[in-house]
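Enquirer: Have a look at this one before I ask anything.
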Amino acid sequence: MSVQDIAAAAVTAAGWEKLLEEILARATRDTERKQDRSRRTEQQIFNAALRVFARDGLSRSKISDIAAEAGISTSTFYEYYKSKEDLAYDVPMFYLADFFESYRAAAPASMSARERLLLYLTMSADYAREHAEWARLLYLEIWPSVFVSETELQYTINDFAKIVQFLVEIGKVEGWVDPTRNKYDTAAIIIGGSNQLIITWLLYRKPRNLTKAGAEIGERIIRLLECERRAT
């Protein structure tokens, strides 16, 4: 490896760590509650909301149902949230922060961008499988909503895409992504394919093994990018 390659690798590693630190800082900041509030009660509300949203859908869910499911009064609910919409946008951020933290621990900068991208797509599918109620809320109701742009959640969803965009750019440096391709368009294709797989599983429970399918579609996407690069 040349001196230039070593220097480029160091810059890439630093940029990777900085990106993940910024994403985690935003995600955790947006979900922090005041110290005088009970974290236990907040978690009860989160868990209850997921069950109610998954059962009734966001539009038909009622605050009274969420409060009852959480074992608290409606007045206590309002000490934490002004509306069910505020809660509906906060819950995905809480879980996305957890996902980002897990991914950061599993994807050190020493891995190649190809390896990190494959891991990202695999872990995204696996996390949706493990947290199906949360995934149903995020992928079927929140992500497609035009109102997301008016909330803090928009920044967290953008951060989800920024990781893919960063890896696409590093893929160009590593030589397996066509350097002429727009990183935003490429990331949109990658995320769209992964999300559609998760959505199909949420609706029909197919494929049966979502984690395995997530890894397979990740490999297929990466191979397509590699073939496209060789064709140029």
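Residues are named by chain letter and number: chains run A, B, ... in the order of the structure tokens, numbers start at 1 in each chain, and ligands are numbered from 1 in the order shown.
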With 12 Å as the cut-off and only C-alpha atoms counted, what is the closest atom pair between each nearby residue of stretch 92-144 of chain A and stretch 55-59 of chain A? Distances in Å to one decimal, ordered by chain and number, as JSON lines.
Expert:
```
{"residue": "A:Ala132", "atom": "CA", "partner": "A:Arg55", "partner_atom": "CA", "distance": 11.9}
{"residue": "A:Glu133", "atom": "CA", "partner": "A:Arg55", "partner_atom": "CA", "distance": 8.8}
{"residue": "A:Trp134", "atom": "CA", "partner": "A:Arg55", "partner_atom": "CA", "distance": 11.6}
{"residue": "A:Arg136", "atom": "CA", "partner": "A:Gly57", "partner_atom": "CA", "distance": 9.2}
{"residue": "A:Leu137", "atom": "CA", "partner": "A:Leu58", "partner_atom": "CA", "distance": 7.8}
{"residue": "A:Leu138", "atom": "CA", "partner": "A:Leu58", "partner_atom": "CA", "distance": 10.6}
{"residue": "A:Leu140", "atom": "CA", "partner": "A:Gly57", "partner_atom": "CA", "distance": 9.5}
{"residue": "A:Glu141", "atom": "CA", "partner": "A:Leu58", "partner_atom": "CA", "distance": 7.2}
{"residue": "A:Ile142", "atom": "CA", "partner": "A:Leu58", "partner_atom": "CA", "distance": 8.8}
```
Enquirer: Would you write out, as JSON lines, a table of all residues in stretch 140-202 of chain A that have an atom no more than 7 Å from an atom of stretch 107-125 of chain A, listing for each the closest atom pair and the distance in Å to one decimal, considering only C-alpha atoms and ordering rows by chain and rising residue number?
Expert:
```
{"residue": "A:Val164", "atom": "CA", "partner": "A:Leu117", "partner_atom": "CA", "distance": 6.9}
{"residue": "A:Leu167", "atom": "CA", "partner": "A:Ala113", "partner_atom": "CA", "distance": 5.3}
{"residue": "A:Ile170", "atom": "CA", "partner": "A:Ala113", "partner_atom": "CA", "distance": 6.1}
{"residue": "A:Gly171", "atom": "CA", "partner": "A:Ala113", "partner_atom": "CA", "distance": 5.8}
{"residue": "A:Ser194", "atom": "CA", "partner": "A:Leu121", "partner_atom": "CA", "distance": 6.6}
{"residue": "A:Ile198", "atom": "CA", "partner": "A:Ala125", "partner_atom": "CA", "distance": 6.3}
```
Enquirer: Excluding same-chain residues fewer than 5 positions from A:Arg129, what lies within 9 Å of it counting only C-alpha atoms, as a ChimeraX atom specification?
Expert: /A:124,135,198,201-202,209-211
Enquirer: Taking 3 positions as the minimum chain separation for residues in the same chain, which residues sit within 12 Å of A:Ile189 when counting only C-alpha atoms? Answer as a PyMOL selection string.
Expert: chain A and resi 161+164-165+168+181-186+192-196+217-218+221-222+224-225
Enquirer: So which one's closest to A:Asn158, A:Ile23, A:Ala106, A:Ile63, A:Ala70? Using only C-alpha atoms, please.
Expert: A:Ile23
Enquirer: By how many Å are atom CA of A:Asp65 and atom CA of A:Val52 apart?
Expert: 7.2 Å
Enquirer: Check the DSSP output for the backbone and give back, as a compact mmCIF listing (two decimals) with N, CA and C atoms, in the first residue's frame, the residues of stretch 145-227 of chain A in alpha helix (DSSP H).
Expert:
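Full text of out-v9.txt as output:
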```txt
# COMPACT_ATOMS: atom_id res chain seq x y z
N LEU A 153 -37.91 13.71 13.18
CA LEU A 153 -37.66 12.38 12.65
C LEU A 153 -37.07 12.43 11.24
N GLN A 154 -37.40 13.47 10.49
CA GLN A 154 -36.87 13.61 9.13
C GLN A 154 -35.34 13.57 9.13
N TYR A 155 -34.72 14.21 10.13
CA TYR A 155 -33.26 14.23 10.20
C TYR A 155 -32.70 12.83 10.46
N THR A 156 -33.41 12.06 11.29
CA THR A 156 -32.95 10.72 11.60
C THR A 156 -33.09 9.80 10.38
N ILE A 157 -34.18 9.94 9.64
CA ILE A 157 -34.35 9.16 8.41
C ILE A 157 -33.29 9.56 7.38
N ASN A 158 -33.00 10.85 7.31
CA ASN A 158 -31.94 11.30 6.41
C ASN A 158 -30.59 10.69 6.81
N ASP A 159 -30.37 10.59 8.12
CA ASP A 159 -29.13 9.99 8.60
C ASP A 159 -29.03 8.52 8.18
N PHE A 160 -30.16 7.83 8.17
CA PHE A 160 -30.18 6.44 7.73
C PHE A 160 -29.64 6.35 6.30
N ALA A 161 -30.03 7.31 5.47
CA ALA A 161 -29.57 7.33 4.08
C ALA A 161 -28.13 7.82 3.96
N LYS A 162 -27.71 8.71 4.85
CA LYS A 162 -26.35 9.26 4.76
C LYS A 162 -25.29 8.19 4.90
N ILE A 163 -25.57 7.18 5.71
CA ILE A 163 -24.61 6.09 5.87
C ILE A 163 -24.40 5.38 4.54
N VAL A 164 -25.49 5.10 3.83
CA VAL A 164 -25.38 4.44 2.53
C VAL A 164 -24.66 5.36 1.54
N GLN A 165 -24.99 6.63 1.53
CA GLN A 165 -24.34 7.58 0.64
C GLN A 165 -22.83 7.64 0.88
N PHE A 166 -22.44 7.64 2.14
CA PHE A 166 -21.01 7.66 2.48
C PHE A 166 -20.32 6.42 1.95
N LEU A 167 -20.94 5.26 2.14
CA LEU A 167 -20.34 4.01 1.71
C LEU A 167 -20.26 3.92 0.19
N VAL A 168 -21.24 4.50 -0.49
CA VAL A 168 -21.18 4.55 -1.95
C VAL A 168 -19.98 5.37 -2.41
N GLU A 169 -19.76 6.49 -1.77
CA GLU A 169 -18.62 7.33 -2.12
C GLU A 169 -17.29 6.62 -1.87
N ILE A 170 -17.20 5.90 -0.76
CA ILE A 170 -15.98 5.15 -0.48
C ILE A 170 -15.85 3.98 -1.44
N GLY A 171 -16.98 3.43 -1.85
CA GLY A 171 -16.95 2.36 -2.85
C GLY A 171 -16.32 2.83 -4.15
N LYS A 172 -16.53 4.09 -4.48
CA LYS A 172 -15.90 4.66 -5.68
C LYS A 172 -14.38 4.67 -5.50
N VAL A 173 -13.93 5.03 -4.30
CA VAL A 173 -12.49 5.06 -4.02
C VAL A 173 -11.92 3.65 -4.06
N GLU A 174 -12.68 2.69 -3.52
CA GLU A 174 -12.22 1.30 -3.51
C GLU A 174 -12.26 0.67 -4.89
N LYS A 183 -24.24 9.71 -6.00
CA LYS A 183 -24.36 8.92 -4.77
C LYS A 183 -25.78 8.93 -4.21
N TYR A 184 -26.51 10.02 -4.44
CA TYR A 184 -27.88 10.09 -3.93
C TYR A 184 -28.80 9.13 -4.68
N ASP A 185 -28.67 9.10 -6.01
CA ASP A 185 -29.49 8.19 -6.81
C ASP A 185 -29.15 6.74 -6.48
N THR A 186 -27.86 6.46 -6.35
CA THR A 186 -27.42 5.10 -6.05
C THR A 186 -27.92 4.66 -4.68
N ALA A 187 -27.82 5.56 -3.70
CA ALA A 187 -28.28 5.24 -2.34
C ALA A 187 -29.79 5.01 -2.34
N ALA A 188 -30.52 5.80 -3.12
CA ALA A 188 -31.98 5.64 -3.19
C ALA A 188 -32.35 4.27 -3.73
N ILE A 189 -31.62 3.80 -4.72
CA ILE A 189 -31.88 2.47 -5.29
C ILE A 189 -31.58 1.38 -4.25
N ILE A 190 -30.47 1.53 -3.54
CA ILE A 190 -30.08 0.54 -2.54
C ILE A 190 -31.11 0.48 -1.41
N ILE A 191 -31.45 1.64 -0.87
CA ILE A 191 -32.39 1.69 0.25
C ILE A 191 -33.78 1.25 -0.20
N GLY A 192 -34.17 1.65 -1.40
CA GLY A 192 -35.47 1.25 -1.92
C GLY A 192 -35.61 -0.25 -2.01
N GLY A 193 -34.57 -0.93 -2.50
CA GLY A 193 -34.61 -2.38 -2.61
C GLY A 193 -34.68 -3.05 -1.25
N SER A 194 -33.89 -2.56 -0.31
CA SER A 194 -33.89 -3.12 1.04
C SER A 194 -35.22 -2.89 1.74
N ASN A 195 -35.73 -1.67 1.63
CA ASN A 195 -37.00 -1.33 2.29
C ASN A 195 -38.16 -2.15 1.72
N GLN A 196 -38.16 -2.35 0.40
CA GLN A 196 -39.25 -3.10 -0.21
C GLN A 196 -39.25 -4.55 0.28
N LEU A 197 -38.08 -5.10 0.49
CA LEU A 197 -37.98 -6.45 1.04
C LEU A 197 -38.61 -6.50 2.43
N ILE A 198 -38.29 -5.52 3.26
CA ILE A 198 -38.82 -5.46 4.62
C ILE A 198 -40.34 -5.27 4.59
N ILE A 199 -40.82 -4.39 3.72
CA ILE A 199 -42.25 -4.13 3.61
C ILE A 199 -43.00 -5.40 3.19
N THR A 200 -42.46 -6.13 2.22
CA THR A 200 -43.09 -7.37 1.77
C THR A 200 -43.18 -8.37 2.91
N TRP A 201 -42.12 -8.44 3.71
CA TRP A 201 -42.12 -9.35 4.86
C TRP A 201 -43.15 -8.92 5.90
N LEU A 202 -43.26 -7.62 6.15
CA LEU A 202 -44.23 -7.13 7.13
C LEU A 202 -45.66 -7.43 6.70
N LEU A 203 -45.92 -7.32 5.42
CA LEU A 203 -47.28 -7.53 4.92
C LEU A 203 -47.65 -8.99 4.75
N TYR A 204 -46.69 -9.80 4.30
CA TYR A 204 -47.01 -11.18 3.92
C TYR A 204 -46.17 -12.23 4.63
N LEU A 210 -36.12 -13.37 6.95
CA LEU A 210 -35.84 -12.00 6.52
C LEU A 210 -34.37 -11.66 6.63
N THR A 211 -33.71 -12.13 7.67
CA THR A 211 -32.29 -11.83 7.85
C THR A 211 -31.47 -12.38 6.69
N LYS A 212 -31.72 -13.63 6.34
CA LYS A 212 -31.01 -14.26 5.22
C LYS A 212 -31.31 -13.52 3.92
N ALA A 213 -32.57 -13.17 3.73
CA ALA A 213 -32.96 -12.46 2.51
C ALA A 213 -32.32 -11.08 2.45
N GLY A 214 -32.18 -10.42 3.61
CA GLY A 214 -31.53 -9.11 3.66
C GLY A 214 -30.09 -9.20 3.22
N ALA A 215 -29.39 -10.25 3.66
CA ALA A 215 -28.01 -10.46 3.25
C ALA A 215 -27.92 -10.77 1.76
N GLU A 216 -28.86 -11.57 1.27
CA GLU A 216 -28.85 -11.95 -0.15
C GLU A 216 -29.12 -10.77 -1.06
N ILE A 217 -30.10 -9.93 -0.69
CA ILE A 217 -30.38 -8.78 -1.55
C ILE A 217 -29.23 -7.78 -1.48
N GLY A 218 -28.57 -7.71 -0.33
CA GLY A 218 -27.39 -6.85 -0.22
C GLY A 218 -26.30 -7.30 -1.17
N GLU A 219 -26.05 -8.61 -1.21
CA GLU A 219 -25.04 -9.16 -2.12
C GLU A 219 -25.42 -8.90 -3.58
N ARG A 220 -26.69 -9.04 -3.90
CA ARG A 220 -27.14 -8.83 -5.28
C ARG A 220 -26.97 -7.38 -5.69
N ILE A 221 -27.30 -6.46 -4.80
CA ILE A 221 -27.15 -5.04 -5.10
C ILE A 221 -25.68 -4.70 -5.32
N ILE A 222 -24.83 -5.21 -4.43
CA ILE A 222 -23.40 -4.93 -4.54
C ILE A 222 -22.82 -5.51 -5.83
N ARG A 223 -23.24 -6.73 -6.18
CA ARG A 223 -22.75 -7.34 -7.43
C ARG A 223 -23.19 -6.53 -8.64
N LEU A 224 -24.42 -5.99 -8.58
CA LEU A 224 -24.89 -5.14 -9.68
C LEU A 224 -24.03 -3.89 -9.80
N LEU A 225 -23.67 -3.30 -8.67
CA LEU A 225 -22.81 -2.13 -8.69
C LEU A 225 -21.44 -2.48 -9.24
N GLU A 226 -20.94 -3.65 -8.87
CA GLU A 226 -19.63 -4.08 -9.35
C GLU A 226 -19.66 -4.36 -10.86
N CYS A 227 -20.74 -4.98 -11.32
CA CYS A 227 -20.87 -5.26 -12.76
C CYS A 227 -20.98 -3.95 -13.54
```
Enquirer: If we count only C-alpha atoms, what is near A:Asp90 at a cut-off of 12 Å, once residues fewer than 6 positions away on the same chain are taken out, given as a ChimeraX atom specification?
Expert: /A:27-33,42-43,45-46,49-50,80-84,96-97,134,137-138,142,148,151-154,156
Enquirer: Print the selection's residues with C-alpha atoms to a file, as a PDB file, in the first residue's frame.
Expert:
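File out-v9.pdb, as written:
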```pdb
ATOM      1  CA  ALA A  27     -30.561  10.473  17.426  1.00  0.00           C
ATOM      2  CA  THR A  28     -29.925  10.325  21.163  1.00  0.00           C
ATOM      3  CA  ARG A  29     -30.426  14.063  21.647  1.00  0.00           C
ATOM      4  CA  ASP A  30     -33.796  13.961  19.941  1.00  0.00           C
ATOM      5  CA  THR A  31     -35.036  11.150  22.187  1.00  0.00           C
ATOM      6  CA  GLU A  32     -33.746  12.448  25.546  1.00  0.00           C
ATOM      7  CA  ARG A  33     -36.359  13.223  28.175  1.00  0.00           C
ATOM      8  CA  GLU A  42     -41.504   6.329  29.189  1.00  0.00           C
ATOM      9  CA  GLN A  43     -40.497   2.818  28.167  1.00  0.00           C
ATOM     10  CA  ILE A  45     -45.493   4.207  26.903  1.00  0.00           C
ATOM     11  CA  PHE A  46     -43.173   3.253  24.022  1.00  0.00           C
ATOM     12  CA  ALA A  49     -47.703   2.564  21.686  1.00  0.00           C
ATOM     13  CA  LEU A  50     -46.001  -0.001  19.492  1.00  0.00           C
ATOM     14  CA  TYR A  80     -44.795  13.048  28.374  1.00  0.00           C
ATOM     15  CA  TYR A  81     -46.396  13.814  25.025  1.00  0.00           C
ATOM     16  CA  LYS A  82     -48.677  16.486  23.620  1.00  0.00           C
ATOM     17  CA  SER A  83     -50.270  14.138  21.087  1.00  0.00           C
ATOM     18  CA  LYS A  84     -50.120  10.627  19.709  1.00  0.00           C
ATOM     19  CA  LEU A  96     -33.183   3.991  15.184  1.00  0.00           C
ATOM     20  CA  ALA A  97     -30.735   5.351  17.762  1.00  0.00           C
ATOM     21  CA  TRP A 134     -41.620  -0.920  15.344  1.00  0.00           C
ATOM     22  CA  LEU A 137     -44.901   1.666  12.283  1.00  0.00           C
ATOM     23  CA  LEU A 138     -41.783   3.019  10.571  1.00  0.00           C
ATOM     24  CA  ILE A 142     -44.235   6.871   9.188  1.00  0.00           C
ATOM     25  CA  VAL A 148     -42.463  13.456   8.400  1.00  0.00           C
ATOM     26  CA  THR A 151     -40.682  16.654  12.396  1.00  0.00           C
ATOM     27  CA  GLU A 152     -37.267  15.927  13.904  1.00  0.00           C
ATOM     28  CA  LEU A 153     -37.658  12.375  12.646  1.00  0.00           C
ATOM     29  CA  GLN A 154     -36.867  13.607   9.134  1.00  0.00           C
ATOM     30  CA  THR A 156     -32.952  10.715  11.595  1.00  0.00           C
TER      31      THR A 156
END
```
Enquirer: Grab the atom CA of A:Arg60 to atom CA of A:Trp143 distance for me, in Å with one decimal place.
Expert: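 Going from atom CA of A:Arg60 over to atom CA of A:Trp143, I get 17.6 Å.
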Enquirer: Please report the interatomic distance between atom CA of A:Leu87 and atom CA of A:Ala67 in Å with one decimal.
Expert: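 Between atom CA of A:Leu87 and atom CA of A:Ala67 the gap works out to 11.8 Å.
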